[in-house]
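Chemist: If you scroll down you'll find the structure; I have some questions about it.
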Amino acid sequence: MRLIPDGRALISAAMTQTHTVRQAALPEDMRILLRDYPREAWPDHPDFATSIANWMGAHLMFRQLARTLTRDGERYLDRERDADTHAERLSRFGGALVSSLHGHHHWEDTRFFPELSAADSRFDPGIEILESDHEALDATLHRFERAANRVIRLTTLDEAQAREETADVLRESRTIEALLTRHLADEEDLVVPILLHHKLRG
Ligand SMILES: [Fe+2]
Ligand SMILES: [Fe+2]
């Protein structure tokens with residue numbers, strides 16, 4: 001009985017992800033500074049400031065939170081975790097991911113990216129791609145939040161339905177993971193060389 005709806009969910013998950021996640025890497029001319037400032041040399045560079053390390057640390061936290069949410073949903077569906085614990089963790093970690101990512105994007109769009117553009121406008125096309133990634137991420141976060149809130153409410157009202165709709169939460173958390181994988185690596189590869197080259201944020 002459950003094979004048909006689950007199968008449909010799987011197909012629509014794959015389609016949603018393909019449409020949402022940018023497939024192309026940043027254009028090659030956006031990577032010219034990366035050749036002079038390769039990733040493996042960043043930590044030892046004299047201009048690699050604490051603020052840059054903290055910003056990359058936030059990215060790591062986003063990745064970990066998204067992974068935790070996906071694993072939690074899988075464990076709940078595999079009956080390795082009870083419904084109340086799942087709802088409590090979904091509320092705590094889901095709320096943390098959504099609010100911290102919204103704050104992070106807002107700061108990058110309104111403060112950080114304009115500062116980079118003022119320092120070196122050659123990379124504006126790359127910045128614009130990162131801004132569109134934020135829009136795709138925000139739309140996915142909205143869908144995730146709506147699906148997660150339904151599951152949290154249903155946990156006390158109708159647990160079978162909560163379990164059913166956890167597939168929607170998982171679809172969105174997996175899309176968030178895929179979006180973050182693409183976006184954060186490209187963002188760091190574009191931004192950190194600009195910061196080091198122009199000695200910014202030190
Ligand atoms: Fe970021
Ligand atoms: Fe970003």
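Following the order of the structure tokens, first chain is A, next is B, and so on, with residues numbered from 1 inside each chain and ligands from 1 in the order they appear.
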Show me which residues line ligand 2, defined as having an atom within 7 Å of a ligand atom where only C-alpha atoms and all ligand atoms count, and present them as a ChimeraX atom specification.

Modeler: /A:105,108,130,134,183-184,187

Chemist: Would you save the residues of that selection, restricted to N, CA, C and O atoms, as a JSON list (two decimals), in the first residue's frame?

Modeler:
[["chain", "number", "residue", "atom", "x", "y", "z"],
["A", 105, "HIS", "N", 22.51, 34.92, 5.44],
["A", 105, "HIS", "CA", 22.26, 35.41, 4.07],
["A", 105, "HIS", "C", 21.99, 36.90, 4.07],
["A", 105, "HIS", "O", 22.47, 37.62, 3.19],
["A", 108, "GLU", "N", 25.25, 38.71, 4.47],
["A", 108, "GLU", "CA", 26.09, 38.63, 3.26],
["A", 108, "GLU", "C", 25.54, 39.53, 2.16],
["A", 108, "GLU", "O", 26.28, 40.26, 1.51],
["A", 130, "LEU", "N", 25.99, 33.89, -6.37],
["A", 130, "LEU", "CA", 25.83, 33.53, -4.95],
["A", 130, "LEU", "C", 24.52, 34.10, -4.39],
["A", 130, "LEU", "O", 23.85, 33.46, -3.57],
["A", 134, "HIS", "N", 21.22, 32.17, -2.69],
["A", 134, "HIS", "CA", 20.52, 32.51, -1.44],
["A", 134, "HIS", "C", 19.00, 32.48, -1.66],
["A", 134, "HIS", "O", 18.27, 32.02, -0.79],
["A", 183, "HIS", "N", 26.79, 25.71, -2.86],
["A", 183, "HIS", "CA", 26.91, 27.14, -2.58],
["A", 183, "HIS", "C", 28.12, 27.47, -1.70],
["A", 183, "HIS", "O", 28.88, 28.39, -2.00],
["A", 184, "LEU", "N", 28.30, 26.73, -0.62],
["A", 184, "LEU", "CA", 29.33, 27.12, 0.36],
["A", 184, "LEU", "C", 30.74, 26.93, -0.22],
["A", 184, "LEU", "O", 31.61, 27.77, 0.02],
["A", 187, "GLU", "N", 31.22, 29.73, -2.70],
["A", 187, "GLU", "CA", 31.30, 31.02, -2.00],
["A", 187, "GLU", "C", 32.70, 31.19, -1.38],
["A", 187, "GLU", "O", 33.33, 32.24, -1.53]]

Chemist: Around ligand 1, out to 10 Å and counting only C-alpha atoms and all ligand atoms, which residues are there? I want them as a count of residues only.

Modeler: 25

Chemist: Would you compute the distance between atom CA of A:His102 and atom CA of A:Ile52? Give it in Å to one decimal.

Modeler: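 Straight-line distance from atom CA of A:His102 to atom CA of A:Ile52 works out to 19.0 Å.
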
Chemist: Which residues are near A:Ser173? Cut-off 10 Å, only C-alpha atoms, ignore same chain within fewer than 6 positions. Put them as a PDB file with N, CA, C and O atoms, in the first residue's frame.

Modeler:
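Final output, saved to around-v8.pdb:
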ATOM      1  N   LEU A  65      24.285  20.863  10.746  1.00  0.00           N
ATOM      2  CA  LEU A  65      22.865  20.905  11.143  1.00  0.00           C
ATOM      3  C   LEU A  65      21.984  20.243  10.085  1.00  0.00           C
ATOM      4  O   LEU A  65      21.077  19.474  10.409  1.00  0.00           O
ATOM      5  N   ALA A  66      22.257  20.540   8.809  1.00  0.00           N
ATOM      6  CA  ALA A  66      21.442  19.971   7.726  1.00  0.00           C
ATOM      7  C   ALA A  66      21.598  18.449   7.706  1.00  0.00           C
ATOM      8  O   ALA A  66      20.627  17.705   7.541  1.00  0.00           O
ATOM      9  N   ARG A  67      22.843  17.972   7.916  1.00  0.00           N
ATOM     10  CA  ARG A  67      23.096  16.516   7.945  1.00  0.00           C
ATOM     11  C   ARG A  67      22.362  15.864   9.111  1.00  0.00           C
ATOM     12  O   ARG A  67      21.745  14.808   8.976  1.00  0.00           O
ATOM     13  N   THR A  68      22.401  16.533  10.268  1.00  0.00           N
ATOM     14  CA  THR A  68      21.722  16.016  11.459  1.00  0.00           C
ATOM     15  C   THR A  68      20.222  15.883  11.198  1.00  0.00           C
ATOM     16  O   THR A  68      19.601  14.876  11.552  1.00  0.00           O
ATOM     17  N   LEU A  69      19.628  16.898  10.563  1.00  0.00           N
ATOM     18  CA  LEU A  69      18.188  16.872  10.305  1.00  0.00           C
ATOM     19  C   LEU A  69      17.818  15.704   9.384  1.00  0.00           C
ATOM     20  O   LEU A  69      16.818  15.020   9.603  1.00  0.00           O
ATOM     21  N   THR A  70      18.633  15.489   8.349  1.00  0.00           N
ATOM     22  CA  THR A  70      18.356  14.379   7.432  1.00  0.00           C
ATOM     23  C   THR A  70      18.495  13.031   8.157  1.00  0.00           C
ATOM     24  O   THR A  70      17.621  12.165   8.066  1.00  0.00           O
ATOM     25  N   ARG A  71      19.576  12.881   8.915  1.00  0.00           N
ATOM     26  CA  ARG A  71      19.785  11.611   9.623  1.00  0.00           C
ATOM     27  C   ARG A  71      18.688  11.366  10.655  1.00  0.00           C
ATOM     28  O   ARG A  71      18.224  10.236  10.824  1.00  0.00           O
ATOM     29  N   GLY A  73      15.551  12.375  10.526  1.00  0.00           N
ATOM     30  CA  GLY A  73      14.335  11.969   9.822  1.00  0.00           C
ATOM     31  C   GLY A  73      14.416  10.504   9.412  1.00  0.00           C
ATOM     32  O   GLY A  73      13.450   9.742   9.547  1.00  0.00           O
ATOM     33  N   GLY A  94      16.015  22.238  13.528  1.00  0.00           N
ATOM     34  CA  GLY A  94      15.396  22.887  12.366  1.00  0.00           C
ATOM     35  C   GLY A  94      15.305  24.385  12.587  1.00  0.00           C
ATOM     36  O   GLY A  94      15.651  25.180  11.715  1.00  0.00           O
ATOM     37  N   THR A 140      13.736  27.030  -0.356  1.00  0.00           N
ATOM     38  CA  THR A 140      13.764  25.661   0.175  1.00  0.00           C
ATOM     39  C   THR A 140      13.597  25.665   1.691  1.00  0.00           C
ATOM     40  O   THR A 140      12.904  24.808   2.250  1.00  0.00           O
ATOM     41  N   LEU A 141      14.233  26.637   2.367  1.00  0.00           N
ATOM     42  CA  LEU A 141      14.094  26.735   3.831  1.00  0.00           C
ATOM     43  C   LEU A 141      12.635  26.972   4.205  1.00  0.00           C
ATOM     44  O   LEU A 141      12.148  26.438   5.198  1.00  0.00           O
ATOM     45  N   ARG A 143       9.969  25.975   2.509  1.00  0.00           N
ATOM     46  CA  ARG A 143       9.244  24.700   2.338  1.00  0.00           C
ATOM     47  C   ARG A 143       9.586  23.731   3.469  1.00  0.00           C
ATOM     48  O   ARG A 143       8.720  23.032   3.991  1.00  0.00           O
ATOM     49  N   PHE A 144      10.874  23.725   3.856  1.00  0.00           N
ATOM     50  CA  PHE A 144      11.300  22.857   4.967  1.00  0.00           C
ATOM     51  C   PHE A 144      10.570  23.240   6.255  1.00  0.00           C
ATOM     52  O   PHE A 144      10.052  22.372   6.973  1.00  0.00           O
ATOM     53  N   GLU A 145      10.538  24.533   6.528  1.00  0.00           N
ATOM     54  CA  GLU A 145       9.930  25.030   7.770  1.00  0.00           C
ATOM     55  C   GLU A 145       8.447  24.651   7.837  1.00  0.00           C
ATOM     56  O   GLU A 145       7.946  24.195   8.869  1.00  0.00           O
ATOM     57  N   ALA A 148       8.188  20.850   8.358  1.00  0.00           N
ATOM     58  CA  ALA A 148       8.641  20.479   9.704  1.00  0.00           C
ATOM     59  C   ALA A 148       7.589  20.874  10.739  1.00  0.00           C
ATOM     60  O   ALA A 148       7.285  20.096  11.649  1.00  0.00           O
ATOM     61  N   ALA A 167       8.434  12.331   5.106  1.00  0.00           N
ATOM     62  CA  ALA A 167       9.036  12.237   3.769  1.00  0.00           C
ATOM     63  C   ALA A 167       9.203  13.629   3.151  1.00  0.00           C
ATOM     64  O   ALA A 167      10.193  13.906   2.464  1.00  0.00           O
ATOM     65  N   LEU A 179      22.101  21.993  -1.810  1.00  0.00           N
ATOM     66  CA  LEU A 179      22.298  23.428  -2.089  1.00  0.00           C
ATOM     67  C   LEU A 179      23.508  23.957  -1.329  1.00  0.00           C
ATOM     68  O   LEU A 179      24.316  24.716  -1.878  1.00  0.00           O
TER      69      LEU A 179
END

Chemist: By how many Å are atom CA of A:Glu165 and atom CA of A:Tyr76 apart?

Modeler: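 These atoms are spaced 11.7 Å apart.
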
Chemist: Can you check which residues of stretch 15-154 of chain A DSSP gives as alpha helix (DSSP H) on the backbone and send them as a ChimeraX atom specification?

Modeler: /A:15-20,32-36,50-77,83-107,113-119,124-154

Chemist: What separation in Å, quoted to one decimal, exists between atom CA of A:Ala49 and atom CA of A:Gly202?

Modeler: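 Value for the atom CA of A:Ala49-atom CA of A:Gly202 distance: 4.9 Å.
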
Chemist: Using only C-alpha atoms, which residues sit within 7 Å of stretch 152-164 of chain A once same-chain residues fewer than 2 positions away are excluded, as number ranges by chain?

Modeler: A: 77, 83-84, 87, 148-150, 166-167

Chemist: Nearest to A:Leu26 among A:Ala147, A:Leu137, A:Ile129, A:Leu170, with distances taken over only C-alpha atoms: which residue is it?

Modeler: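 Ranking A:Ala147, A:Leu137, A:Ile129, A:Leu170 by distance to A:Leu26, first place goes to A:Ile129.
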